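Participant: Before we start, here is the structure in question, set down as structure tokens.
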Amino acid sequence: MVSLKELQETAREEFFLAGNSTCAGCGLELALRWAMKALGPKTVLVAPASCLNVVVGLWPKTASNFPFINMAFAAAAAAASGLDAAFKAKGWDDMTSLVFAGDGGTTDIGIQGISGAAERNSNILYVCYDNEAYMNTGIQRSSSTPHGARTTTTPFGKQRFKKNLPAIVAAHNVPYVATCCTSYPIDLYEKFKKAKEIKGFRYIHILAPCPPGWGFASEDTVKIGKLAVETGFWILYEVENGEFKLSKPSKKYLDHSKRRPIQEYLEIQKRFNTLSELGLVKWQENIENAWKHIELELELKDKSEY
Amino acid sequence: MSQKEQEIKFITGNVAAAYAARSAKVQVISAYPITPQTTVVEKLSDFVDSGDMPAQYIKVESEHSVMAALVGASIAGTRTFSATAGQGLLYMSEMVHWAAGARLPIVMTIASRGIAPPWNIWADFTDVISQRDAGWLISFASSHQEIYDSVLMAYKICENEEVLLPMFVAYGGFVLSHTSKPVIIEPDDKLEKFLPPLPDEKGWPHIFIDPERPMMHGNLIMPSGFYYEFRMKIHDEMIKSRHIIKQTALEFEKIFGRSYGNGLIQEYKMDDAEVALINIGGLALQAEQAVDELRQEGYKVGSVKLRHFRPFPTEEIINIAKKVDVIGVVDRDTAFGSPTGGAVSSECKSALHGTGIDTTILPIITGIGGREVSVEQQKEEFKKLIKLKETGEFPQDMIHGTLWDGILEVK
């Protein structure tokens, strides 16, 4: 793994430019900026309805200096498949067809198209930047909103838990699935570098904290993302050709005692300030269960490696 | 594979549509099966999987994804094709509008069927009419050969830089999709003359994928920006496409020897006709038989095939109205709550408004949901027009000013 300092030296070229209109502390901006550094200019980005459509710049301005296509909400995975088919027809072998979609566009309205593209093993890289609600339309719940979070359509907190989309995609037996967090740019960069070289359907799910949507100070974006990983709530991993691998930043949290209490993550976000005691217990149980699944995955492999 | 010689094949309308896509050297296909279009996607699978057609074929999970995939493929500058019908077209609707808004020359055949509920899979053009304001050119084919020929002409028209809009080629489900007729499949040398393959590296002038000159497409535009003007341009160029359609029909006739009137409409025995019946799709061809039989009985009747509903052939309809005193306009579609209940008759009436021409239009709706329309029935329609001309009397039992011909009595 390279160091951040090395990366800042070698990956200097910017593709998602300054002057865009993301909110201060936007997780999406970090995600796209580092993803594009890894993918480079021979990339076409398909953006279904999301914050990205707006923050990239109002017509005629744009903050992307690579081909960028706005797309209908449910259409991104198929549109990217179409682009890839066109590149094949033209013999352009070095283009990456990339989708950059929010969690609503991915886990809700886009899931049919994603499942179709994954099952076909379309040669696209589908990325979900997950800010855990419909932020562009003003913080409505999505199926990726976590338990207890207040949104404008769950004013007393959401009952259900987050849909586990990376697992659903992995169940399609695609070549590559990974989870990332914007607070770990090296891990993110390396996963995108790897994904770029793989042919077929690739899926990367990035937890992207959202200051106005989650209710925290904009300077805390990196801190919040780190807490998501350090509390064991957000687990960084890869599934490459069916083989599960825990990523370095998450490895030590396999040990229950190394995880920070989940309260530390929840209490600094206003969206959780109506979470009940019972809700907190449910969160703890949910994290334990998630790690039990990870342990099961790892038992299938050589556990001693960890 | 190449087609060296002209061949006459005894094939269904759907297979003719698939052959047309092959003859047009389509590069990317995306499709999803739906009755009565399914054999188009089956035949294309045969072509592509056997290596007979060097195209990319994306077999997606829904019609919405069909058009999304073609939008993507067309943005990258490839020639694209699909086929659908009825519910599939409705499900695709968001992307149908998207394709036109992005000004992409996508061609799609529609084996038209009735809209549910109740389920109906038989000829009825309400599906394609439901997309009339999407910005697609809309053409109707009345024969197996016309399906094949219309698809070839469609690419030529749509890819013209003065047009750059998508087109539907619609024909009646089962009536044409599943019956077989001889169809001339044209050889490559003639095809290349009429419709050369797209140059490899070039995208469209207005939209392309090129890392060397990166483009942002479709980002949010404020009301003060050019959204309004972009919309006006779609209408402007759709209207102007009339002359491209005419020019293309002429060129087609020159190379292949088959005539489709002026491209927008095709007249049959209209020169000395006293009344005319305007039809879309297969019923237009059948009406020609009704004309022949009635002429043997001494009636001076003529038939008009409306080949294009978008752009609407306003001038041609006015000219027809100048020739005859009474026109019957037949809709095999419904436009609920519109002035006549049928899309075509409403627009024909609108075309004559303010022209000072006092030709009477009798709106007729028939064949809905695949209800059989016989030649005898069409002859009766003509006779009602003659009676209207001679006596000024409209047929009995009209419903809100429209003759719902062949409707059962409802209690």
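Ordering of the structure tokens sets the chain letters (A, B, ...); residue numbers start at 1 within each chain; ligands are numbered from 1 in the order shown.
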Can you build me a table of range 26-113 of chain A residues sitting at most 8 Å from range 202-215 of chain A, with the closest atom pair per residue and its distance in Å to one decimal, using only C-alpha atoms, sorted by chain and residue number, as a Markdown table?
Facilitator:
```
| residue | atom | partner | partner_atom | distance |
| --- | --- | --- | --- | --- |
| A:Cys26 | CA | A:Cys210 | CA | 5.8 |
| A:Gly27 | CA | A:Ala208 | CA | 4.3 |
| A:Leu28 | CA | A:Ala208 | CA | 5.7 |
| A:Ala31 | CA | A:Ala208 | CA | 7.1 |
```
Participant: Contacts of Leu104 in chain B at 6 Å or less, counting only C-alpha atoms, minus same-chain residues fewer than 4 places along, as a list of chain:residue names?
Facilitator: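 In the requested format, the answer is B:Ala99, B:Leu164, B:Leu165, B:Pro166.
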Participant: Generate the output file for the selected residues, N, CA and C atoms, as a short mmCIF file (atom, residue, chain, number, x, y, z; two decimals), in the first residue's frame.
Facilitator:
```
data_model
loop_
_atom_site.label_atom_id
_atom_site.label_comp_id
_atom_site.auth_asym_id
_atom_site.auth_seq_id
_atom_site.Cartn_x
_atom_site.Cartn_y
_atom_site.Cartn_z
N ALA B 99 -34.23 9.80 -25.46
CA ALA B 99 -33.54 9.58 -26.74
C ALA B 99 -33.78 10.77 -27.68
N LEU B 164 -31.40 14.44 -36.93
CA LEU B 164 -30.89 13.90 -35.66
C LEU B 164 -31.98 13.72 -34.61
N LEU B 165 -32.95 12.91 -34.99
CA LEU B 165 -34.02 12.52 -34.07
C LEU B 165 -34.30 11.03 -34.28
N PRO B 166 -34.86 10.36 -33.29
CA PRO B 166 -35.16 8.93 -33.44
C PRO B 166 -36.47 8.69 -34.18
#
```
Participant: Counting only C-alpha atoms, a student should be able to say which residues of chain B come within 7 Å of chain A; what is the right answer, written as a list in words?
Facilitator: Gln27, Val28, Ala55, Gln56, Val60, Glu61, Ser65, Ala68, Ala69, Leu70, Val71, Gly72, Ala73, Ala76, Thr78, Asp200, Ile209, Asp210, Pro211, Pro214, Met215, Met216, His217, Gly218, Asn219, Leu220 and Ile221 of chain B
Participant: Near Ala11 in chain A, counting only C-alpha atoms, which residues have an atom at most 12 Å away, once you skip same-chain residues fewer than 3 positions from it, shown as a JSON list (two decimals) with N, CA and C atoms, in the first residue's frame?
Facilitator:
```
[["chain", "number", "residue", "atom", "x", "y", "z"],
["A", 2, "VAL", "N", 0.58, 2.15, -0.92],
["A", 2, "VAL", "CA", 1.36, 3.40, -0.99],
["A", 2, "VAL", "C", 0.93, 4.31, 0.17],
["A", 3, "SER", "N", 1.77, 5.32, 0.43],
["A", 3, "SER", "CA", 1.39, 6.28, 1.47],
["A", 3, "SER", "C", 0.61, 7.43, 0.82],
["A", 4, "LEU", "N", -0.11, 8.14, 1.65],
["A", 4, "LEU", "CA", -0.89, 9.27, 1.15],
["A", 4, "LEU", "C", 0.03, 10.31, 0.53],
["A", 5, "LYS", "N", 1.19, 10.47, 1.15],
["A", 5, "LYS", "CA", 2.15, 11.45, 0.65],
["A", 5, "LYS", "C", 2.60, 11.08, -0.77],
["A", 6, "GLU", "N", 2.91, 9.78, -0.94],
["A", 6, "GLU", "CA", 3.33, 9.31, -2.27],
["A", 6, "GLU", "C", 2.21, 9.55, -3.30],
["A", 7, "LEU", "N", 0.99, 9.24, -2.85],
["A", 7, "LEU", "CA", -0.15, 9.41, -3.76],
["A", 7, "LEU", "C", -0.33, 10.86, -4.16],
["A", 8, "GLN", "N", -0.17, 11.73, -3.19],
["A", 8, "GLN", "CA", -0.35, 13.15, -3.50],
["A", 8, "GLN", "C", 0.69, 13.63, -4.50],
["A", 14, "GLU", "N", -5.94, 16.31, -11.70],
["A", 14, "GLU", "CA", -7.32, 16.40, -11.20],
["A", 14, "GLU", "C", -8.30, 16.25, -12.37],
["A", 15, "PHE", "N", -9.37, 15.50, -12.14],
["A", 15, "PHE", "CA", -10.40, 15.32, -13.17],
["A", 15, "PHE", "C", -11.74, 15.89, -12.73],
["A", 33, "ARG", "N", -13.37, 12.53, -6.69],
["A", 33, "ARG", "CA", -12.05, 13.09, -6.97],
["A", 33, "ARG", "C", -10.98, 11.98, -6.94],
["A", 34, "TRP", "N", -11.04, 11.14, -5.92],
["A", 34, "TRP", "CA", -10.02, 10.08, -5.80],
["A", 34, "TRP", "C", -10.30, 8.93, -6.77],
["A", 35, "ALA", "N", -11.55, 8.66, -7.03],
["A", 35, "ALA", "CA", -11.88, 7.60, -8.00],
["A", 35, "ALA", "C", -11.33, 7.96, -9.37],
["A", 36, "MET", "N", -11.53, 9.22, -9.77],
["A", 36, "MET", "CA", -11.08, 9.64, -11.10],
["A", 36, "MET", "C", -9.56, 9.71, -11.20],
["A", 37, "LYS", "N", -8.91, 10.02, -10.09],
["A", 37, "LYS", "CA", -7.44, 10.00, -10.10],
["A", 37, "LYS", "C", -6.95, 8.58, -10.45],
["A", 38, "ALA", "N", -7.67, 7.59, -9.96],
["A", 38, "ALA", "CA", -7.28, 6.20, -10.23],
["A", 38, "ALA", "C", -7.66, 5.78, -11.65],
["A", 39, "LEU", "N", -8.81, 6.25, -12.12],
["A", 39, "LEU", "CA", -9.33, 5.76, -13.41],
["A", 39, "LEU", "C", -8.72, 6.50, -14.60],
["A", 40, "GLY", "N", -8.45, 7.78, -14.44],
["A", 40, "GLY", "CA", -7.84, 8.54, -15.54],
["A", 40, "GLY", "C", -8.84, 8.99, -16.58],
["A", 185, "PRO", "N", -8.72, 7.32, 1.58],
["A", 185, "PRO", "CA", -8.49, 7.57, 0.15],
["A", 185, "PRO", "C", -7.50, 6.60, -0.48],
["A", 186, "ILE", "N", -6.53, 6.10, 0.30],
["A", 186, "ILE", "CA", -5.55, 5.18, -0.30],
["A", 186, "ILE", "C", -6.23, 3.86, -0.63],
["A", 189, "TYR", "N", -8.44, 4.51, -3.60],
["A", 189, "TYR", "CA", -7.64, 4.66, -4.83],
["A", 189, "TYR", "C", -7.18, 3.30, -5.34],
["A", 190, "GLU", "N", -6.68, 2.49, -4.43],
["A", 190, "GLU", "CA", -6.16, 1.19, -4.86],
["A", 190, "GLU", "C", -7.27, 0.27, -5.35],
["A", 193, "LYS", "N", -8.05, 1.42, -8.83],
["A", 193, "LYS", "CA", -6.96, 1.00, -9.73],
["A", 193, "LYS", "C", -7.16, -0.46, -10.13]]
```
Participant: For a test of reading the model, state the distance in Å between CA of Ile198 in chain A and CA of Phe244 in chain A, rounded to one decimal.
Facilitator: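 Going from CA of Ile198 in chain A over to CA of Phe244 in chain A covers 16.3 Å.
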